[in-house]
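Since the structure comes first, as structure tokens, the remarks are kept for the end.
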Amino acid sequence: MNRHLVNCHLLMGSCLVLAGLTACGHSSSNAGRSEGAGGAGCIQGVVVNGLTAERLTLPDDSAKGVFVLVRNSLVEAHPAVTGDAAKAKPALAGEYYLCGLPLDQSYPIFAWLDGFLSFEGTVQVHSTAASRSPNAREDVQRPTPTEIANIRVYPKNQQVQDLNFYVVHDGAALAGASVVLRATGPNFLDPSGLSFLAPTNIRQPSLTGTTDAAGKVTFPATELVLGGHYTYTVVPPNGGADQTAIAAASFVLGLRSSTDVTQPYEITVDLDHSVGPLVALSSSTDAEDPDPQGKVTVYFNREIELVPGTEDQIRGTLSGNVTAQLADDVPNNKQPEQVKVTLEANKLTLEPVYKTAPDVDTSKESGLQITYSGLVLRPKAAPETLSTVAISKTVRYYR
């Protein structure tokens, strides 16, 4: 295996594991639901092997198959055929359908099949009402709103290997460096078009590791997905206290193309003495999960402080079905009124300050979110030699 140097532009993704879904309500696909009635619609599609395009027979099993998470219920899609019926009608193998989905809202969709990596994406059924936007797709009147949502899943342990990072400094292995690996965006090997849903890796938590005496850290294949997008950040030992250089890049795991015929399962990162920028290592919004308090936490690669003179430009903006109000902004008083900003070493916490708090009935605040803007941070140590970073974060309150 040839090592793949970081000078190339790379990209990748990861296996999705969602805990706690079994605690949600579990509904059958037809329970009390009618097609296209009362502001509801349908999805239908086919599940195929992402490597061979072969249709996969869906199980007649309430624990496996295709599911949509609708608010507090995990709703099971109905297979068109199962078992021997799929052999008798191969054209229907892998086909599924599900009705009763609320319109014009995005919901997580999952596929769990034995022998295949988990799939997660999002699905939305567009309404039949005339759109208030220039989107012609939504302007077309349809008596029964239905969307095609085809799914590719990939076999487990096929064309996936352990991912090794090697960190060196001045030609020598560097022990004690931290490597942070984060899934970002859709799976590279699922092209857009053909009505296939793009898998999302946003719920996969960050993976971290520390290099050993050989400068090596390994991320096991069981935590990785073929063709998924990842970014990595490498921070020197002691958080950069003795050495300030960092490295960051993105890549696709197992990418093969006309311009890149490698399989980057081994990546070498060479840190030099140059002064590196301030970098956000992780954020509580990375998984896009709702936060009922509207709070966000961000961790950086070094200790941080607000750039003096920028406090008065920090704002909070509420959007969605809003009954809440943020505190009134007072111009030119050199402090934020709408946002509580807390700095603890390399940790930034942002919280809303309310004039009127959100309604305790969350159904009245459906779609509520807050966007923080106007924050400008810099490293606390030797700030005159290091770059600043502007922060803008959006947090959803409820799903």
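By order of appearance in the structure tokens: chains A, B, ..., then residues from 1 within every chain, and ligands from 1 in the order shown.
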field: Contact residues around region 81-93 of chain A with only C-alpha atoms at 10 Å, ignoring same-chain residues under 4 positions, as an MDAnalysis selection string
entry: chainID A and resid 46:48 54:61
If you keep C-alpha atoms, can you produce a file of those selected residues as a JSON list (two decimals), in the first residue's frame?
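So out.json came out as:
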[["chain", "number", "residue", "atom", "x", "y", "z"],
["A", 46, "VAL", "CA", -36.11, 0.53, -4.35],
["A", 47, "VAL", "CA", -33.15, -0.61, -2.21],
["A", 48, "VAL", "CA", -30.12, -1.84, -4.17],
["A", 54, "GLU", "CA", -28.58, -5.68, -7.56],
["A", 55, "ARG", "CA", -32.06, -5.33, -6.05],
["A", 56, "LEU", "CA", -32.09, -6.50, -2.43],
["A", 57, "THR", "CA", -34.93, -8.55, -1.02],
["A", 58, "LEU", "CA", -36.37, -6.64, 1.93],
["A", 59, "PRO", "CA", -36.99, -8.67, 5.09],
["A", 60, "ASP", "CA", -40.39, -9.27, 6.61],
["A", 61, "ASP", "CA", -38.95, -8.21, 9.96]]
query: In Å, how far is it from CA of Thr285 (chain A) to CA of His126 (chain A)?
result: 26.3 Å
query: What's the 8 Å shell around Gly39 (chain A), counting only C-alpha atoms, without same-chain residues fewer than 6 positions away, as a PyMOL selection string?
result: chain A and resi 102-103+127
Include N, CA and C atoms and write out the residues we just selected as a PDB file, in the first residue's frame.
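Contents of out_20.pdb, as written:
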ATOM      1  N   PRO A 102     -46.071  13.748   6.826  1.00  0.00           N
ATOM      2  CA  PRO A 102     -46.427  15.175   6.756  1.00  0.00           C
ATOM      3  C   PRO A 102     -45.656  15.871   5.642  1.00  0.00           C
ATOM      4  N   LEU A 103     -46.294  16.809   4.979  1.00  0.00           N
ATOM      5  CA  LEU A 103     -45.721  17.431   3.789  1.00  0.00           C
ATOM      6  C   LEU A 103     -44.758  18.562   4.131  1.00  0.00           C
ATOM      7  N   SER A 127     -45.660  19.414  -1.080  1.00  0.00           N
ATOM      8  CA  SER A 127     -47.113  19.557  -1.073  1.00  0.00           C
ATOM      9  C   SER A 127     -47.651  19.807  -2.479  1.00  0.00           C
TER      10      SER A 127
END
task: Write out as an NGL selection string each polymer residue whose atoms come within 7 Å of Asp212 (chain A), counting only C-alpha atoms; drop sequence neighbours fewer than 5 positions from it.
output: :A and (175-176 or 217)
Which residues are close to Lys295 (chain A), i.e. within 12 Å by only C-alpha atoms, leaving aside same-chain residues fewer than 6 positions away? Reply as a PDB file with N, CA and C atoms, in the first residue's frame.
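Contents of out-v8.pdb, freshly written:
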ATOM      1  N   SER A 283     -17.957  20.903  17.087  1.00  0.00           N
ATOM      2  CA  SER A 283     -19.059  21.764  17.500  1.00  0.00           C
ATOM      3  C   SER A 283     -20.260  20.902  17.848  1.00  0.00           C
ATOM      4  N   SER A 284     -21.059  21.360  18.812  1.00  0.00           N
ATOM      5  CA  SER A 284     -22.263  20.610  19.168  1.00  0.00           C
ATOM      6  C   SER A 284     -23.284  20.611  18.042  1.00  0.00           C
ATOM      7  N   THR A 285     -23.089  21.427  16.996  1.00  0.00           N
ATOM      8  CA  THR A 285     -24.002  21.434  15.848  1.00  0.00           C
ATOM      9  C   THR A 285     -23.542  20.490  14.742  1.00  0.00           C
ATOM     10  N   ASP A 289     -28.307  17.851  15.511  1.00  0.00           N
ATOM     11  CA  ASP A 289     -29.389  17.452  16.400  1.00  0.00           C
ATOM     12  C   ASP A 289     -29.965  18.676  17.092  1.00  0.00           C
ATOM     13  N   GLY A 316     -28.086  37.601  17.783  1.00  0.00           N
ATOM     14  CA  GLY A 316     -28.847  36.371  17.666  1.00  0.00           C
ATOM     15  C   GLY A 316     -30.075  36.657  16.816  1.00  0.00           C
ATOM     16  N   VAL A 339     -27.075  37.597  23.151  1.00  0.00           N
ATOM     17  CA  VAL A 339     -26.299  36.357  23.193  1.00  0.00           C
ATOM     18  C   VAL A 339     -25.403  36.359  24.421  1.00  0.00           C
ATOM     19  N   LYS A 340     -25.457  35.284  25.199  1.00  0.00           N
ATOM     20  CA  LYS A 340     -24.511  35.095  26.293  1.00  0.00           C
ATOM     21  C   LYS A 340     -23.295  34.348  25.749  1.00  0.00           C
ATOM     22  N   VAL A 341     -22.128  34.971  25.834  1.00  0.00           N
ATOM     23  CA  VAL A 341     -20.894  34.396  25.307  1.00  0.00           C
ATOM     24  C   VAL A 341     -20.012  33.971  26.479  1.00  0.00           C
ATOM     25  N   THR A 342     -19.646  32.690  26.524  1.00  0.00           N
ATOM     26  CA  THR A 342     -18.779  32.174  27.579  1.00  0.00           C
ATOM     27  C   THR A 342     -17.528  31.570  26.951  1.00  0.00           C
ATOM     28  N   LEU A 348     -15.869  27.587  23.461  1.00  0.00           N
ATOM     29  CA  LEU A 348     -16.798  28.697  23.269  1.00  0.00           C
ATOM     30  C   LEU A 348     -18.222  28.180  23.454  1.00  0.00           C
ATOM     31  N   THR A 349     -19.017  28.861  24.291  1.00  0.00           N
ATOM     32  CA  THR A 349     -20.418  28.511  24.485  1.00  0.00           C
ATOM     33  C   THR A 349     -21.283  29.730  24.189  1.00  0.00           C
ATOM     34  N   LEU A 350     -22.309  29.534  23.365  1.00  0.00           N
ATOM     35  CA  LEU A 350     -23.245  30.597  23.009  1.00  0.00           C
ATOM     36  C   LEU A 350     -24.647  30.200  23.446  1.00  0.00           C
ATOM     37  N   GLU A 351     -25.339  31.120  24.128  1.00  0.00           N
ATOM     38  CA  GLU A 351     -26.698  30.869  24.591  1.00  0.00           C
ATOM     39  C   GLU A 351     -27.566  32.091  24.305  1.00  0.00           C
ATOM     40  N   PRO A 352     -28.854  31.880  23.982  1.00  0.00           N
ATOM     41  CA  PRO A 352     -29.742  33.017  23.726  1.00  0.00           C
ATOM     42  C   PRO A 352     -30.143  33.721  25.026  1.00  0.00           C
ATOM     43  N   VAL A 353     -30.341  35.023  24.949  1.00  0.00           N
ATOM     44  CA  VAL A 353     -30.882  35.803  26.063  1.00  0.00           C
ATOM     45  C   VAL A 353     -32.258  36.299  25.616  1.00  0.00           C
ATOM     46  N   GLN A 369     -35.468  28.076  15.180  1.00  0.00           N
ATOM     47  CA  GLN A 369     -34.016  27.971  15.236  1.00  0.00           C
ATOM     48  C   GLN A 369     -33.423  29.350  15.473  1.00  0.00           C
ATOM     49  N   ILE A 370     -32.175  29.352  15.953  1.00  0.00           N
ATOM     50  CA  ILE A 370     -31.464  30.598  16.215  1.00  0.00           C
ATOM     51  C   ILE A 370     -30.144  30.584  15.461  1.00  0.00           C
ATOM     52  N   THR A 371     -29.795  31.725  14.886  1.00  0.00           N
ATOM     53  CA  THR A 371     -28.512  31.879  14.206  1.00  0.00           C
ATOM     54  C   THR A 371     -27.678  32.912  14.963  1.00  0.00           C
ATOM     55  N   TYR A 372     -26.504  32.479  15.392  1.00  0.00           N
ATOM     56  CA  TYR A 372     -25.558  33.375  16.048  1.00  0.00           C
ATOM     57  C   TYR A 372     -24.608  33.937  14.997  1.00  0.00           C
ATOM     58  N   LYS A 393     -23.195  30.304  13.636  1.00  0.00           N
ATOM     59  CA  LYS A 393     -23.750  28.992  13.922  1.00  0.00           C
ATOM     60  C   LYS A 393     -25.274  29.060  13.990  1.00  0.00           C
ATOM     61  N   THR A 394     -25.928  28.042  13.434  1.00  0.00           N
ATOM     62  CA  THR A 394     -27.383  27.933  13.504  1.00  0.00           C
ATOM     63  C   THR A 394     -27.753  26.686  14.298  1.00  0.00           C
ATOM     64  N   VAL A 395     -28.663  26.846  15.265  1.00  0.00           N
ATOM     65  CA  VAL A 395     -29.085  25.744  16.127  1.00  0.00           C
ATOM     66  C   VAL A 395     -30.600  25.589  16.040  1.00  0.00           C
ATOM     67  N   ARG A 396     -31.053  24.374  15.793  1.00  0.00           N
ATOM     68  CA  ARG A 396     -32.485  24.085  15.810  1.00  0.00           C
ATOM     69  C   ARG A 396     -32.920  23.735  17.235  1.00  0.00           C
ATOM     70  N   TYR A 397     -34.132  24.168  17.611  1.00  0.00           N
ATOM     71  CA  TYR A 397     -34.649  23.891  18.940  1.00  0.00           C
ATOM     72  C   TYR A 397     -35.323  22.526  19.025  1.00  0.00           C
TER      73      TYR A 397
END
task: Determine, counting only C-alpha atoms, which protein, DNA and RNA residues have an atom within 10 Å of an atom of Val322 (chain A); residues of the same chain fewer than 3 positions away are not included. Present the result as a list in words.
output: Leu318, Ser319, Gln325, Pro358, Asp359, Lys364, Glu365, Ser366, Gly367, Leu368 and Gln369 of chain A
Expected file: the selected residues, N, CA and C atoms, as a CSV table (one decimal), in the first residue's frame:
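Saved file part33.csv follows:
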chain,number,residue,atom,x,y,z
A,318,LEU,N,-33.7,34.8,15.5
A,318,LEU,CA,-34.7,33.7,15.6
A,318,LEU,C,-35.4,33.6,14.3
A,319,SER,N,-35.7,32.3,13.9
A,319,SER,CA,-36.5,32.1,12.6
A,319,SER,C,-37.3,30.9,12.8
A,325,GLN,N,-39.0,36.1,21.7
A,325,GLN,CA,-38.3,37.3,21.3
A,325,GLN,C,-36.9,37.3,22.1
A,358,PRO,N,-39.3,30.9,24.5
A,358,PRO,CA,-40.1,30.1,23.6
A,358,PRO,C,-41.3,29.5,24.3
A,359,ASP,N,-42.4,29.2,23.6
A,359,ASP,CA,-43.6,28.6,24.2
A,359,ASP,C,-43.2,27.2,24.7
A,364,LYS,N,-46.0,24.7,19.0
A,364,LYS,CA,-46.2,26.1,18.6
A,364,LYS,C,-44.9,26.7,18.1
A,365,GLU,N,-43.8,26.0,18.3
A,365,GLU,CA,-42.5,26.5,18.0
A,365,GLU,C,-41.8,25.6,16.9
A,366,SER,N,-42.7,24.9,16.1
A,366,SER,CA,-42.1,24.0,15.1
A,366,SER,C,-41.3,24.8,14.1
A,367,GLY,N,-40.1,24.3,13.9
A,367,GLY,CA,-39.1,24.9,13.0
A,367,GLY,C,-38.3,26.0,13.6
A,368,LEU,N,-38.5,26.3,14.9
A,368,LEU,CA,-37.7,27.3,15.6
A,368,LEU,C,-36.2,27.1,15.6
A,369,GLN,N,-35.5,28.1,15.2
A,369,GLN,CA,-34.0,28.0,15.2
A,369,GLN,C,-33.4,29.4,15.5
task: Go ahead and compute the interatomic distance for CA of Asp170 (chain A) and CA of Leu207 (chain A), in Å to one decimal.
output: 26.2 Å
query: So what do you get for CA of Gln105 (chain A) versus CA of Ile151 (chain A), distance-wise?
result: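 Taking CA of Gln105 (chain A) as the start and CA of Ile151 (chain A) as the end point, the length is 19.2 Å.
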query: Using only C-alpha atoms, which residues sit within 10 Å of Val153 (chain A) once same-chain residues fewer than 6 positions away are excluded, as a ChimeraX atom specification?
result: /A:47-51,53,56,111-113,115-120,190,199
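Ranking A:Thr362, A:Thr231, A:Thr184, A:Gln335 by their shortest atom-to-atom distance to Gln293 (chain A), with only C-alpha atoms included, puts A:Thr362 first.
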